[in-house]
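Down below is the structure, laid out as structure tokens.
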Amino acid sequence: MNNLNDIDILKNCLCGVEFEFYSNFSAEETAKQLAKLLGKKIQVEIKAHSDFEVTQDEFKIEPDMSGGAKLLELVTGALPYVAARLMIIDVCKWIDDNGYTNDRSSIHLNLSFDKSKIENKYRISKMNVLKFILDFNEEQVFKFFPKRENSAYAKSIKFILPKDDTYFFDGHHINQQNFIYPDTKYYGVNFDKRHKNYLEFRYIGGKDWQKKTTTILYFVDQFLLQVWKSTENTEFNSLNAIELKKIISSNQRIIDARKDWKTIKHNWKDVKFTVDLKDDPRIIDIYWPSVKDRVMRLFTFGDLSKGHINYDSDTGRIQVANGRLEYCVDLRHYEFINSFLRGEFTECDMYGCDVNGSDIHYCNFYSSTQINGSKLDGSYVHGSCVATDSYVYGKGVFKGTMNGGIFREGSYDKKLAKFNDVEIVKSKAI
């Protein structure tokens with residue numbers, strides 16, 4: 001299949017879709033109408049990311065919660081290329097006639113190849129991820145969807161760093177083992193899905209995305225063709241080397257800071273770093289080798305633009321005060337004080353923070369933290385905190401005030417917790 005043209009390649013493709021949108025109808029009525037329109041069975045789930053597995057013949061609708069309590073997600077099975085295009089056209093029109101989208105909604109494309117039609121049945125699961133990243137024309141996507149470039153849920157995949165601080169790329173020979181590159185779900189391409197032999201593309205979204213059907217269909221083709229070509233020709237070429245050198249150059253201040261913490265104050269004018277609230281270079285030099293990975297993760301995975309970073313040697317925690325971290329991915333075990341936060345956090349403590357549109361797991365909230373449009377899994381919410389238009393689930397304890405949203409499951413303090421216009425599904429008073 002080395003000489004296939006674009007049309008022949010696309011005939012071998014499968015496409016599943018996750019449509020995020022707001023409907024003028026209930027989830028049940030929405031499912032009923034879409035089932036009739038598409039000629040498919042549609043299961044209505046009450047929990048986000050339910051275990052129900054979709055097929056070509058049976059889809060599901062469930063609450064999404066990344067865009068607040070009313071956001072729905074239609075998840076389809078993988079359909080043959082032509083059928084998937086027709087489905088996208090039909091669903092986009094239905095959403096435009098019967099609902100709407102905003103900046104907190106998107107459409108995800110789950111793309112793969114029909115194993116019954118291709119020779120290399122595991123070309124995606126065994127793909128060279130770095131090769132794809134270097135081949136991929138990301139600028140073109142952001143040209144059509146510019147607001148997605150700064151989204152916490154579709155971060156650029158063009159983020160590559162040397163794995164070893166002492167490594168120097170000579171601009172010629174590329175060994176993927178020498179580099180760190182995206183491998184979690186909150187990037188524009190979710191490479192974690194490759195283990196299931198498909199890729200999830202998360203770039204497309206924003207207000208009125210359903211009105212851009214022609215553009216969406218264009219990118220379905222472009223994404224599929226780029227996956228095919230990168231997995232067909234797996235060797236790095238001279239253009240890949242040029243692109244890699246360009247990306248590394250753009251991340252030079254990260255590389256410099258990993259080697260020498262003193263460059264932080266020169267390269268980030270609004271960022272300060274201390275140990276035990278002291279900026280004594282002799283003390284920081286002692287601790288830097290053991291804490292640099294956690295400190296630099298705030299920049300590489302959190303896009304920290306301002307704030308005071310402190311390492312507390314008594315607790316072993318990295319703390320951030322008065323910080324601004326708008327595009328976080330997989331930040332774990334930090335303390336945030338009076339900071340603006342958006343993204344994905346696990347096992348963090350937050351004091352007096354402003355948290356927006358985040359995916360939160362096993363965190364603790366104190367000191368009047370405001371939580372807006374977020375998902376809280378197994379978290380503790382102090383009585384002084386307020387959660388608005390959010391989704392609470394897991395084995396957490398809620399003592400604060402909740403305005404709107406869904407309390408899916410968990411415990412709440414019957415003396416302190418307040419619920420205003422909240423849908424409570426399952427709860428335990430303590």
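Every chain in the structure tokens takes a letter, A first, then B, and so on in the order presented; its residues are numbered from 1, and the ligands are numbered from 1 following the presented order.
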Got a sec: who's within 7 Å of region 409-420 of chain A, counting only C-alpha atoms, leaving out chain neighbours fewer than 3 positions off, as a PDB file with all heavy atoms, in the first residue's frame?
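Saved to out-v5.pdb:
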ATOM      1  N   GLY A 383     -16.065  24.696  54.296  1.00  0.00           N
ATOM      2  CA  GLY A 383     -17.292  25.470  54.404  1.00  0.00           C
ATOM      3  C   GLY A 383     -17.201  26.886  53.859  1.00  0.00           C
ATOM      4  O   GLY A 383     -18.225  27.503  53.544  1.00  0.00           O
ATOM      5  N   VAL A 392     -19.882  17.328  41.068  1.00  0.00           N
ATOM      6  CA  VAL A 392     -19.205  16.723  42.218  1.00  0.00           C
ATOM      7  C   VAL A 392     -19.476  15.217  42.217  1.00  0.00           C
ATOM      8  O   VAL A 392     -20.637  14.790  42.144  1.00  0.00           O
ATOM      9  CB  VAL A 392     -19.688  17.354  43.536  1.00  0.00           C
ATOM     10  CG1 VAL A 392     -19.034  16.668  44.726  1.00  0.00           C
ATOM     11  CG2 VAL A 392     -19.394  18.851  43.543  1.00  0.00           C
ATOM     12  N   TYR A 393     -18.417  14.431  42.308  1.00  0.00           N
ATOM     13  CA  TYR A 393     -18.597  12.976  42.330  1.00  0.00           C
ATOM     14  C   TYR A 393     -17.432  12.337  43.088  1.00  0.00           C
ATOM     15  O   TYR A 393     -16.496  13.020  43.522  1.00  0.00           O
ATOM     16  CB  TYR A 393     -18.697  12.423  40.903  1.00  0.00           C
ATOM     17  CG  TYR A 393     -17.449  12.540  40.071  1.00  0.00           C
ATOM     18  CD1 TYR A 393     -16.701  11.422  39.745  1.00  0.00           C
ATOM     19  CD2 TYR A 393     -17.014  13.775  39.583  1.00  0.00           C
ATOM     20  CE1 TYR A 393     -15.557  11.508  38.961  1.00  0.00           C
ATOM     21  CE2 TYR A 393     -15.875  13.876  38.795  1.00  0.00           C
ATOM     22  CZ  TYR A 393     -15.153  12.749  38.493  1.00  0.00           C
ATOM     23  OH  TYR A 393     -14.025  12.849  37.713  1.00  0.00           O
ATOM     24  N   GLY A 394     -17.502  11.015  43.265  1.00  0.00           N
ATOM     25  CA  GLY A 394     -16.449  10.316  43.990  1.00  0.00           C
ATOM     26  C   GLY A 394     -16.667  10.371  45.496  1.00  0.00           C
ATOM     27  O   GLY A 394     -17.664  10.881  45.995  1.00  0.00           O
ATOM     28  N   LYS A 395     -15.698   9.866  46.227  1.00  0.00           N
ATOM     29  CA  LYS A 395     -15.812   9.757  47.690  1.00  0.00           C
ATOM     30  C   LYS A 395     -15.205  10.972  48.378  1.00  0.00           C
ATOM     31  O   LYS A 395     -14.242  10.868  49.140  1.00  0.00           O
ATOM     32  CB  LYS A 395     -15.142   8.467  48.161  1.00  0.00           C
ATOM     33  CG  LYS A 395     -15.802   7.203  47.611  1.00  0.00           C
ATOM     34  CD  LYS A 395     -15.101   5.943  48.103  1.00  0.00           C
ATOM     35  CE  LYS A 395     -15.765   4.699  47.556  1.00  0.00           C
ATOM     36  NZ  LYS A 395     -15.098   3.449  48.024  1.00  0.00           N
ATOM     37  N   GLY A 396     -15.788  12.132  48.107  1.00  0.00           N
ATOM     38  CA  GLY A 396     -15.309  13.359  48.722  1.00  0.00           C
ATOM     39  C   GLY A 396     -16.208  13.811  49.857  1.00  0.00           C
ATOM     40  O   GLY A 396     -17.206  13.170  50.178  1.00  0.00           O
ATOM     41  N   VAL A 397     -15.836  14.934  50.471  1.00  0.00           N
ATOM     42  CA  VAL A 397     -16.631  15.531  51.545  1.00  0.00           C
ATOM     43  C   VAL A 397     -16.867  16.998  51.179  1.00  0.00           C
ATOM     44  O   VAL A 397     -15.903  17.753  50.964  1.00  0.00           O
ATOM     45  CB  VAL A 397     -15.922  15.439  52.904  1.00  0.00           C
ATOM     46  CG1 VAL A 397     -16.736  16.157  53.965  1.00  0.00           C
ATOM     47  CG2 VAL A 397     -15.700  13.979  53.290  1.00  0.00           C
ATOM     48  N   PHE A 398     -18.135  17.376  51.121  1.00  0.00           N
ATOM     49  CA  PHE A 398     -18.495  18.738  50.717  1.00  0.00           C
ATOM     50  C   PHE A 398     -19.092  19.480  51.908  1.00  0.00           C
ATOM     51  O   PHE A 398     -20.105  19.059  52.461  1.00  0.00           O
ATOM     52  CB  PHE A 398     -19.500  18.695  49.568  1.00  0.00           C
ATOM     53  CG  PHE A 398     -19.678  20.011  48.869  1.00  0.00           C
ATOM     54  CD1 PHE A 398     -18.920  20.323  47.759  1.00  0.00           C
ATOM     55  CD2 PHE A 398     -20.590  20.948  49.335  1.00  0.00           C
ATOM     56  CE1 PHE A 398     -19.071  21.540  47.117  1.00  0.00           C
ATOM     57  CE2 PHE A 398     -20.740  22.164  48.703  1.00  0.00           C
ATOM     58  CZ  PHE A 398     -19.983  22.470  47.586  1.00  0.00           C
ATOM     59  N   LYS A 399     -18.465  20.607  52.275  1.00  0.00           N
ATOM     60  CA  LYS A 399     -18.960  21.416  53.390  1.00  0.00           C
ATOM     61  C   LYS A 399     -19.282  22.848  52.965  1.00  0.00           C
ATOM     62  O   LYS A 399     -19.751  23.640  53.782  1.00  0.00           O
ATOM     63  CB  LYS A 399     -17.917  21.458  54.516  1.00  0.00           C
ATOM     64  CG  LYS A 399     -17.647  20.103  55.160  1.00  0.00           C
ATOM     65  CD  LYS A 399     -16.707  20.236  56.356  1.00  0.00           C
ATOM     66  CE  LYS A 399     -16.504  18.901  57.056  1.00  0.00           C
ATOM     67  NZ  LYS A 399     -15.627  19.027  58.250  1.00  0.00           N
ATOM     68  N   GLY A 400     -19.039  23.167  51.720  1.00  0.00           N
ATOM     69  CA  GLY A 400     -19.210  24.534  51.248  1.00  0.00           C
ATOM     70  C   GLY A 400     -20.580  24.813  50.677  1.00  0.00           C
ATOM     71  O   GLY A 400     -21.559  24.131  50.973  1.00  0.00           O
ATOM     72  N   THR A 401     -20.637  25.829  49.811  1.00  0.00           N
ATOM     73  CA  THR A 401     -21.863  26.222  49.127  1.00  0.00           C
ATOM     74  C   THR A 401     -21.772  25.820  47.672  1.00  0.00           C
ATOM     75  O   THR A 401     -20.737  26.023  47.022  1.00  0.00           O
ATOM     76  CB  THR A 401     -22.073  27.738  49.225  1.00  0.00           C
ATOM     77  OG1 THR A 401     -22.195  28.115  50.594  1.00  0.00           O
ATOM     78  CG2 THR A 401     -23.337  28.154  48.485  1.00  0.00           C
ATOM     79  N   MET A 402     -22.844  25.249  47.147  1.00  0.00           N
ATOM     80  CA  MET A 402     -22.876  24.833  45.750  1.00  0.00           C
ATOM     81  C   MET A 402     -24.035  25.528  45.060  1.00  0.00           C
ATOM     82  O   MET A 402     -25.188  25.396  45.468  1.00  0.00           O
ATOM     83  CB  MET A 402     -22.999  23.313  45.650  1.00  0.00           C
ATOM     84  CG  MET A 402     -22.836  22.779  44.231  1.00  0.00           C
ATOM     85  SD  MET A 402     -22.661  20.966  44.217  1.00  0.00           S
ATOM     86  CE  MET A 402     -22.466  20.692  42.448  1.00  0.00           C
ATOM     87  N   ASN A 403     -23.717  26.270  44.003  1.00  0.00           N
ATOM     88  CA  ASN A 403     -24.728  26.982  43.226  1.00  0.00           C
ATOM     89  C   ASN A 403     -24.828  26.364  41.843  1.00  0.00           C
ATOM     90  O   ASN A 403     -23.880  26.414  41.050  1.00  0.00           O
ATOM     91  CB  ASN A 403     -24.344  28.459  43.095  1.00  0.00           C
ATOM     92  CG  ASN A 403     -24.277  29.157  44.439  1.00  0.00           C
ATOM     93  OD1 ASN A 403     -25.120  28.944  45.308  1.00  0.00           O
ATOM     94  ND2 ASN A 403     -23.261  30.002  44.625  1.00  0.00           N
ATOM     95  N   GLY A 404     -25.983  25.761  41.544  1.00  0.00           N
ATOM     96  CA  GLY A 404     -26.149  25.097  40.264  1.00  0.00           C
ATOM     97  C   GLY A 404     -25.288  23.850  40.178  1.00  0.00           C
ATOM     98  O   GLY A 404     -24.572  23.484  41.116  1.00  0.00           O
ATOM     99  N   VAL A 425     -28.005  13.655  43.008  1.00  0.00           N
ATOM    100  CA  VAL A 425     -28.312  12.316  42.551  1.00  0.00           C
ATOM    101  C   VAL A 425     -28.164  11.293  43.670  1.00  0.00           C
ATOM    102  O   VAL A 425     -29.059  10.522  43.977  1.00  0.00           O
ATOM    103  CB  VAL A 425     -27.423  11.928  41.352  1.00  0.00           C
ATOM    104  CG1 VAL A 425     -27.732  10.510  40.880  1.00  0.00           C
ATOM    105  CG2 VAL A 425     -27.609  12.913  40.214  1.00  0.00           C
ATOM    106  N   LYS A 426     -27.018  11.309  44.313  1.00  0.00           N
ATOM    107  CA  LYS A 426     -26.746  10.360  45.378  1.00  0.00           C
ATOM    108  C   LYS A 426     -25.842  11.041  46.412  1.00  0.00           C
ATOM    109  O   LYS A 426     -24.790  11.583  46.054  1.00  0.00           O
ATOM    110  CB  LYS A 426     -26.054   9.109  44.825  1.00  0.00           C
ATOM    111  CG  LYS A 426     -25.786   8.016  45.851  1.00  0.00           C
ATOM    112  CD  LYS A 426     -25.117   6.823  45.183  1.00  0.00           C
ATOM    113  CE  LYS A 426     -24.808   5.715  46.172  1.00  0.00           C
ATOM    114  NZ  LYS A 426     -24.116   4.561  45.537  1.00  0.00           N
ATOM    115  N   SER A 427     -26.247  11.025  47.667  1.00  0.00           N
ATOM    116  CA  SER A 427     -25.453  11.733  48.674  1.00  0.00           C
ATOM    117  C   SER A 427     -25.588  11.049  50.032  1.00  0.00           C
ATOM    118  O   SER A 427     -26.510  10.277  50.274  1.00  0.00           O
ATOM    119  CB  SER A 427     -25.920  13.184  48.787  1.00  0.00           C
ATOM    120  OG  SER A 427     -27.268  13.235  49.235  1.00  0.00           O
ATOM    121  N   LYS A 428     -24.658  11.407  50.926  1.00  0.00           N
ATOM    122  CA  LYS A 428     -24.670  10.888  52.276  1.00  0.00           C
ATOM    123  C   LYS A 428     -24.410  12.051  53.231  1.00  0.00           C
ATOM    124  O   LYS A 428     -23.372  12.698  53.158  1.00  0.00           O
ATOM    125  CB  LYS A 428     -23.619   9.801  52.463  1.00  0.00           C
ATOM    126  CG  LYS A 428     -23.551   9.252  53.885  1.00  0.00           C
ATOM    127  CD  LYS A 428     -22.454   8.210  54.008  1.00  0.00           C
ATOM    128  CE  LYS A 428     -22.348   7.688  55.451  1.00  0.00           C
ATOM    129  NZ  LYS A 428     -21.238   6.684  55.586  1.00  0.00           N
ATOM    130  N   ALA A 429     -25.354  12.307  54.120  1.00  0.00           N
ATOM    131  CA  ALA A 429     -25.189  13.388  55.095  1.00  0.00           C
ATOM    132  C   ALA A 429     -24.310  12.914  56.240  1.00  0.00           C
ATOM    133  O   ALA A 429     -24.454  11.797  56.738  1.00  0.00           O
ATOM    134  CB  ALA A 429     -26.561  13.822  55.628  1.00  0.00           C
ATOM    135  N   ILE A 430     -23.394  13.773  56.685  1.00  0.00           N
ATOM    136  CA  ILE A 430     -22.507  13.422  57.793  1.00  0.00           C
ATOM    137  C   ILE A 430     -22.519  14.534  58.828  1.00  0.00           C
ATOM    138  O   ILE A 430     -22.942  15.649  58.569  1.00  0.00           O
ATOM    139  CB  ILE A 430     -21.064  13.177  57.321  1.00  0.00           C
ATOM    140  CG1 ILE A 430     -20.516  14.403  56.599  1.00  0.00           C
ATOM    141  CG2 ILE A 430     -20.995  11.949  56.439  1.00  0.00           C
ATOM    142  CD1 ILE A 430     -19.062  14.273  56.223  1.00  0.00           C
TER     143      ILE A 430
END
**Study point:** Who sits within 8 Å of Ala257 (chain A), only C-alpha atoms, same chain under 6 positions skipped, as a PyMOL selection string
**Key:** chain A and resi 263-264+296
Exercise for review: Using DSSP on the backbone coordinates, identify all residues within region 136-278 of chain A classified as alpha helix (DSSP H); present the result as a PyMOL selection string.
Suggested key: chain A and resi 138-144+213-232+238-250+252-259+264-267
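Close contacts of Asn128 (chain A), defined as residues with an atom at most 7 Å away when counting only C-alpha atoms, with chain neighbours fewer than 3 positions off set aside, comprise Lys131, Phe132 and Thr234 of chain A.
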Output N, CA, C and O atoms for every residue in the selection just made, as an mmCIF file, in the first residue's frame.
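And here's result.cif as it stands now:
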data_model
loop_
_atom_site.group_PDB
_atom_site.id
_atom_site.type_symbol
_atom_site.label_atom_id
_atom_site.label_comp_id
_atom_site.auth_asym_id
_atom_site.auth_seq_id
_atom_site.Cartn_x
_atom_site.Cartn_y
_atom_site.Cartn_z
ATOM 1 N N LYS A 131 7.879 11.410 15.318
ATOM 2 C CA LYS A 131 7.812 11.599 13.864
ATOM 3 C C LYS A 131 6.507 12.299 13.487
ATOM 4 O O LYS A 131 6.514 13.251 12.692
ATOM 5 N N PHE A 132 5.400 11.846 14.058
ATOM 6 C CA PHE A 132 4.112 12.475 13.747
ATOM 7 C C PHE A 132 4.095 13.934 14.192
ATOM 8 O O PHE A 132 3.627 14.813 13.459
ATOM 9 N N THR A 234 8.283 6.178 8.286
ATOM 10 C CA THR A 234 8.614 6.352 9.704
ATOM 11 C C THR A 234 10.000 6.937 9.946
ATOM 12 O O THR A 234 10.337 7.273 11.076
#
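When only C-alpha atoms are used to compute distances to Ile247 (chain A), the closest of the residues A:Phe169, A:Tyr366, A:Tyr122, A:Phe345 turns out to be A:Phe169.
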